Amino acid sequence: MSTYLSVQGISKTFESKSGQVQALAPVSFELRRNEFVSIVGPSGCGKSTLFNVIAGLESATTGSLQLEGQSIHDLKGKVAYQLQRDLLLPWRTILENVTLALEIRGVPTLERNRRGLDALNRYGLGQFANRYPRELSGGMRQRAAIIRTLLFDRDLILLDEPFGALDSQTRMIMQAWLLSVYAASSKTVLLITHDVEEAVLLSNRVLVMTSRPGSIKGEVQIDLDWPRTEMTLLTEKFFAFKKQITTMIRDESQRSFDEQLGSVSTAPVGGLS
């Protein structure tokens with residue numbers, strides 16, 4: 001399978017009152033078309049910063065991107081990006097929310113409503129088209145937000161912790177739903193998650209980042225049969241992948257903790273310098 005997106009040596013340094021803060025060390029990896037790849041790592045390792053750079057919301061300090069072999073500055077306008085919160089507009093109906101991108105692009109009302117209703121019906125929210133976000137559960141709002149992302153109609157979808165705020169049962173339902181959406185589409189998906197089980201269940205590959213400044217520590221190919229269900233979570237192979245990735249993250253978290261502890265122990269008496 002040929003390379004679709006190549007991330008080459010992306011780094012990011014922020015300026016702060018106390019000096020420069022490096023959020024990302026050079027990060028390099030590749031995505032193949034129609035893959036589902038998850039990125040996991042210790043808290044604060046720069047996962048969301050990496051997404052913002054790829055999406056063109058922030059500029060990289062160093063590095064470059066290639067899309068289908070062509071060098072590009074960023075993926076602004078070429079990627080659908082779902083943030084952690086659903087960000088549905090409370091004064092708009094669910095249909096009006098999911099068709100927002102189509103409206104911005106100037107798609108006529110009848111056409112965007114037809115496409116919006118078709119997507120809502122296909123993904124189980126058709127009966128809620130004229131409801132408002134406050135009338136839906138958290139899981140249903142997240143489903144609507146992902147439908148809105150799909151209707152943006154881009155080949156690459158970035159999902160930043162889309163289920164992080166949901167309870168465990170709703171999260172499992174949404175994971176199964178996302179798997180069905182992915183199986184029925186020709187999209188390439190890049191997911192950020194803190195949930196190792198989620199990463200293993202959903203992904204073809206999992207990329208593990210180091211502690212800050214984040215870089216790619218390793219890659220784990222998830223060799224599990226498709227389709228994947230809740231029963232997949234009970235297999236020995238699933239547990240083995242979960243253990244491998246959890247150990248990699250724990251080692252990075254411990255290294256970061258030891259480094260912070262070392263800096264505290266060498267600080268002058270009377271306070272940190």
# chains A, B, ... in the order shown; residues from 1 in each chain; ligands from 1

$ closest_atom_pairs --of "range 68-147 of chain A" --to "range 1-11 of chain A" --cutoff "12 Å" --atoms "only C-alpha atoms" --output "tab-separated table"
residue	atom	partner	partner_atom	distance
A:Glu68	CA	A:Tyr4	CA	4.8
A:Gly69	CA	A:Tyr4	CA	7.5
A:Gln70	CA	A:Leu5	CA	9.3
A:Ser71	CA	A:Ser6	CA	9.2
A:Ile72	CA	A:Ser6	CA	10.2
A:His73	CA	A:Val7	CA	11.1
A:Asp74	CA	A:Val7	CA	10.2
A:Leu75	CA	A:Leu5	CA	10.0
A:Lys78	CA	A:Leu5	CA	11.5
A:Val79	CA	A:Leu5	CA	11.3

$ residues_around --residues "range 150-158 of chain A" --least-positions-apart "4" --cutoff "10 Å" --atoms "only C-alpha atoms" --output "PyMOL selection string"
chain A and resi 4-5+31+33-38+51-52+54-55+75+77-83+98-102+105+112+115-116+119+144-146+162+181+185-192

$ closest_residue --among "A:Ala23, A:Ile222, A:Leu125, A:Leu234" --to "Ser43 in chain A" --atoms "only C-alpha atoms"
A:Ala23

$ atom_distance --atom1 "CA of Thr229 in chain A" --atom2 "CA of Ala176 in chain A"
6.9 Å

$ closest_residue --among "A:Thr210, A:Leu24, A:Gln244, A:Trp226" --to "Thr49 in chain A" --atoms "only C-alpha atoms"
A:Leu24

$ select_by_dssp --residues "range 11-231 of chain A" --states "strand (DSSP E or B)" --output "short mmCIF file (atom, residue, chain, number, x, y, z; two decimals) with C-alpha atoms, in the first residue's frame"
data_model
loop_
_atom_site.label_atom_id
_atom_site.label_comp_id
_atom_site.auth_asym_id
_atom_site.auth_seq_id
_atom_site.Cartn_x
_atom_site.Cartn_y
_atom_site.Cartn_z
CA SER A 11 8.99 19.94 15.63
CA LYS A 12 7.36 22.77 17.56
CA THR A 13 8.83 25.24 20.03
CA PHE A 14 6.72 27.81 21.86
CA GLU A 15 7.88 31.10 23.33
CA SER A 16 6.91 31.72 26.96
CA GLY A 19 11.88 31.14 27.73
CA GLN A 20 11.42 28.60 24.97
CA VAL A 21 9.38 25.44 25.54
CA GLN A 22 9.84 22.57 23.11
CA ALA A 23 6.54 20.70 22.75
CA LEU A 24 7.60 18.42 19.90
CA ALA A 25 10.98 16.98 19.08
CA PRO A 26 11.24 15.99 15.40
CA VAL A 27 8.30 13.68 14.65
CA SER A 28 8.27 11.48 11.55
CA PHE A 29 5.77 8.84 10.42
CA GLU A 30 3.73 7.79 7.40
CA LEU A 31 0.08 7.02 6.79
CA ARG A 32 -1.18 4.72 4.08
CA PHE A 36 -6.84 3.74 10.85
CA VAL A 37 -3.85 4.83 12.96
CA SER A 38 -3.93 5.88 16.61
CA ILE A 39 -1.41 8.02 18.48
CA VAL A 40 -0.95 7.42 22.20
CA THR A 62 10.94 22.60 11.59
CA GLY A 63 9.88 19.78 9.30
CA SER A 64 7.64 19.22 6.31
CA LEU A 65 4.61 17.32 5.05
CA GLN A 66 4.01 15.37 1.88
CA LEU A 67 0.54 14.42 0.63
CA GLN A 70 3.68 16.28 -3.13
CA SER A 71 5.27 18.66 -0.63
CA ILE A 72 2.72 20.89 1.10
CA VAL A 79 -8.44 17.50 6.34
CA ALA A 80 -11.53 17.10 8.51
CA TYR A 81 -10.63 17.77 12.16
CA GLN A 82 -12.79 16.73 15.12
CA LEU A 156 -8.16 12.32 5.91
CA ILE A 157 -9.95 12.66 9.26
CA LEU A 158 -8.21 13.77 12.46
CA LEU A 159 -10.00 12.76 15.67
CA ASP A 160 -8.66 14.26 18.90
CA THR A 188 -7.99 7.53 6.32
CA VAL A 189 -8.29 8.16 10.06
CA LEU A 190 -5.71 9.46 12.53
CA LEU A 191 -6.89 9.29 16.15
CA ILE A 192 -5.47 10.71 19.38
CA ARG A 205 -1.34 0.58 13.72
CA VAL A 206 -0.60 2.41 16.96
CA LEU A 207 2.14 5.04 17.23
CA VAL A 208 3.53 5.57 20.74
CA MET A 209 5.02 8.96 21.59
CA GLY A 214 7.27 14.31 22.01
CA ILE A 216 7.72 8.70 17.99
CA LYS A 217 9.04 6.07 20.41
CA GLY A 218 7.73 3.10 18.46
CA GLU A 219 5.06 1.63 16.21
CA VAL A 220 2.89 -1.41 16.92
CA GLN A 221 1.15 -3.21 14.08
#

$ decode --residues "range 94-136 of chain A" --atoms "N, CA and C atoms" --output "mmCIF file, in the first residue's frame"
data_model
loop_
_atom_site.group_PDB
_atom_site.id
_atom_site.type_symbol
_atom_site.label_atom_id
_atom_site.label_comp_id
_atom_site.auth_asym_id
_atom_site.auth_seq_id
_atom_site.Cartn_x
_atom_site.Cartn_y
_atom_site.Cartn_z
ATOM 1 N N ILE A 94 -29.949 19.739 14.916
ATOM 2 C CA ILE A 94 -28.918 18.762 14.581
ATOM 3 C C ILE A 94 -28.651 18.759 13.078
ATOM 4 N N LEU A 95 -29.713 18.833 12.275
ATOM 5 C CA LEU A 95 -29.521 18.900 10.825
ATOM 6 C C LEU A 95 -28.725 20.141 10.440
ATOM 7 N N GLU A 96 -29.055 21.279 11.027
ATOM 8 C CA GLU A 96 -28.336 22.519 10.717
ATOM 9 C C GLU A 96 -26.885 22.446 11.182
ATOM 10 N N ASN A 97 -26.630 21.727 12.282
ATOM 11 C CA ASN A 97 -25.259 21.562 12.763
ATOM 12 C C ASN A 97 -24.433 20.691 11.838
ATOM 13 N N VAL A 98 -24.977 19.541 11.434
ATOM 14 C CA VAL A 98 -24.166 18.614 10.644
ATOM 15 C C VAL A 98 -23.919 19.135 9.235
ATOM 16 N N THR A 99 -24.756 20.057 8.764
ATOM 17 C CA THR A 99 -24.585 20.594 7.415
ATOM 18 C C THR A 99 -23.850 21.933 7.411
ATOM 19 N N LEU A 100 -23.264 22.308 8.550
ATOM 20 C CA LEU A 100 -22.619 23.617 8.663
ATOM 21 C C LEU A 100 -21.511 23.803 7.625
ATOM 22 N N ALA A 101 -20.662 22.793 7.465
ATOM 23 C CA ALA A 101 -19.561 22.919 6.502
ATOM 24 C C ALA A 101 -20.095 23.072 5.081
ATOM 25 N N LEU A 102 -21.173 22.351 4.759
ATOM 26 C CA LEU A 102 -21.777 22.468 3.433
ATOM 27 C C LEU A 102 -22.341 23.871 3.221
ATOM 28 N N GLU A 103 -22.927 24.430 4.268
ATOM 29 C CA GLU A 103 -23.463 25.789 4.183
ATOM 30 C C GLU A 103 -22.346 26.795 3.932
ATOM 31 N N ILE A 104 -21.240 26.641 4.668
ATOM 32 C CA ILE A 104 -20.105 27.559 4.504
ATOM 33 C C ILE A 104 -19.540 27.471 3.082
ATOM 34 N N ARG A 105 -19.573 26.263 2.513
ATOM 35 C CA ARG A 105 -19.058 26.080 1.152
ATOM 36 C C ARG A 105 -20.050 26.512 0.082
ATOM 37 N N GLY A 106 -21.228 27.001 0.473
ATOM 38 C CA GLY A 106 -22.181 27.531 -0.485
ATOM 39 C C GLY A 106 -23.089 26.518 -1.138
ATOM 40 N N VAL A 107 -23.171 25.300 -0.562
ATOM 41 C CA VAL A 107 -24.077 24.287 -1.111
ATOM 42 C C VAL A 107 -25.517 24.752 -0.899
ATOM 43 N N PRO A 108 -26.365 24.725 -1.927
ATOM 44 C CA PRO A 108 -27.750 25.183 -1.791
ATOM 45 C C PRO A 108 -28.494 24.439 -0.690
ATOM 46 N N THR A 109 -29.485 25.109 -0.093
ATOM 47 C CA THR A 109 -30.184 24.577 1.067
ATOM 48 C C THR A 109 -30.788 23.205 0.820
ATOM 49 N N LEU A 110 -31.503 23.027 -0.276
ATOM 50 C CA LEU A 110 -32.146 21.742 -0.547
ATOM 51 C C LEU A 110 -31.129 20.617 -0.662
ATOM 52 N N GLU A 111 -30.008 20.900 -1.314
ATOM 53 C CA GLU A 111 -28.983 19.873 -1.500
ATOM 54 C C GLU A 111 -28.296 19.531 -0.186
ATOM 55 N N ARG A 112 -27.942 20.545 0.604
ATOM 56 C CA ARG A 112 -27.247 20.235 1.859
ATOM 57 C C ARG A 112 -28.185 19.541 2.846
ATOM 58 N N ASN A 113 -29.480 19.903 2.842
ATOM 59 C CA ASN A 113 -30.421 19.206 3.717
ATOM 60 C C ASN A 113 -30.605 17.760 3.278
ATOM 61 N N ARG A 114 -30.641 17.529 1.964
ATOM 62 C CA ARG A 114 -30.755 16.152 1.468
ATOM 63 C C ARG A 114 -29.549 15.320 1.904
ATOM 64 N N ARG A 115 -28.356 15.877 1.746
ATOM 65 C CA ARG A 115 -27.152 15.153 2.131
ATOM 66 C C ARG A 115 -27.067 14.975 3.639
ATOM 67 N N GLY A 116 -27.492 15.997 4.383
ATOM 68 C CA GLY A 116 -27.474 15.895 5.836
ATOM 69 C C GLY A 116 -28.439 14.848 6.347
ATOM 70 N N LEU A 117 -29.665 14.840 5.828
ATOM 71 C CA LEU A 117 -30.655 13.845 6.250
ATOM 72 C C LEU A 117 -30.227 12.438 5.865
ATOM 73 N N ASP A 118 -29.625 12.307 4.687
ATOM 74 C CA ASP A 118 -29.143 10.994 4.261
ATOM 75 C C ASP A 118 -28.098 10.465 5.244
ATOM 76 N N ALA A 119 -27.163 11.331 5.665
ATOM 77 C CA ALA A 119 -26.124 10.915 6.611
ATOM 78 C C ALA A 119 -26.712 10.617 7.985
ATOM 79 N N LEU A 120 -27.626 11.452 8.451
ATOM 80 C CA LEU A 120 -28.247 11.224 9.754
ATOM 81 C C LEU A 120 -29.031 9.917 9.772
ATOM 82 N N ASN A 121 -29.749 9.628 8.690
ATOM 83 C CA ASN A 121 -30.487 8.361 8.609
ATOM 84 C C ASN A 121 -29.531 7.174 8.554
ATOM 85 N N ARG A 122 -28.463 7.320 7.781
ATOM 86 C CA ARG A 122 -27.507 6.220 7.609
ATOM 87 C C ARG A 122 -26.832 5.883 8.928
ATOM 88 N N TYR A 123 -26.589 6.888 9.759
ATOM 89 C CA TYR A 123 -25.847 6.669 10.995
ATOM 90 C C TYR A 123 -26.725 6.759 12.239
ATOM 91 N N GLY A 124 -28.046 6.601 12.063
ATOM 92 C CA GLY A 124 -28.930 6.378 13.197
ATOM 93 C C GLY A 124 -29.427 7.587 13.943
ATOM 94 N N LEU A 125 -29.365 8.768 13.331
ATOM 95 C CA LEU A 125 -29.847 9.970 14.012
ATOM 96 C C LEU A 125 -30.944 10.680 13.222
ATOM 97 N N GLY A 126 -31.507 10.020 12.217
ATOM 98 C CA GLY A 126 -32.491 10.671 11.363
ATOM 99 C C GLY A 126 -33.679 11.230 12.113
ATOM 100 N N GLN A 127 -34.143 10.526 13.148
ATOM 101 C CA GLN A 127 -35.325 10.979 13.883
ATOM 102 C C GLN A 127 -35.048 12.186 14.773
ATOM 103 N N PHE A 128 -33.762 12.545 14.899
ATOM 104 C CA PHE A 128 -33.395 13.680 15.743
ATOM 105 C C PHE A 128 -32.954 14.890 14.918
ATOM 106 N N ALA A 129 -33.217 14.865 13.623
ATOM 107 C CA ALA A 129 -32.731 15.923 12.734
ATOM 108 C C ALA A 129 -33.191 17.306 13.166
ATOM 109 N N ASN A 130 -34.420 17.421 13.670
ATOM 110 C CA ASN A 130 -34.966 18.722 14.034
ATOM 111 C C ASN A 130 -34.892 19.020 15.524
ATOM 112 N N ARG A 131 -34.187 18.168 16.256
ATOM 113 C CA ARG A 131 -33.944 18.427 17.686
ATOM 114 C C ARG A 131 -32.741 19.362 17.839
ATOM 115 N N TYR A 132 -32.573 19.857 19.063
ATOM 116 C CA TYR A 132 -31.440 20.721 19.383
ATOM 117 C C TYR A 132 -30.436 19.946 20.240
ATOM 118 N N PRO A 133 -29.164 20.353 20.232
ATOM 119 C CA PRO A 133 -28.134 19.607 20.970
ATOM 120 C C PRO A 133 -28.502 19.323 22.422
ATOM 121 N N ARG A 134 -29.154 20.261 23.098
ATOM 122 C CA ARG A 134 -29.500 20.065 24.510
ATOM 123 C C ARG A 134 -30.473 18.904 24.708
ATOM 124 N N GLU A 135 -31.136 18.466 23.655
ATOM 125 C CA GLU A 135 -32.114 17.392 23.740
ATOM 126 C C GLU A 135 -31.504 16.017 23.494
ATOM 127 N N LEU A 136 -30.209 15.973 23.203
ATOM 128 C CA LEU A 136 -29.532 14.706 22.904
ATOM 129 C C LEU A 136 -28.570 14.336 24.025
#
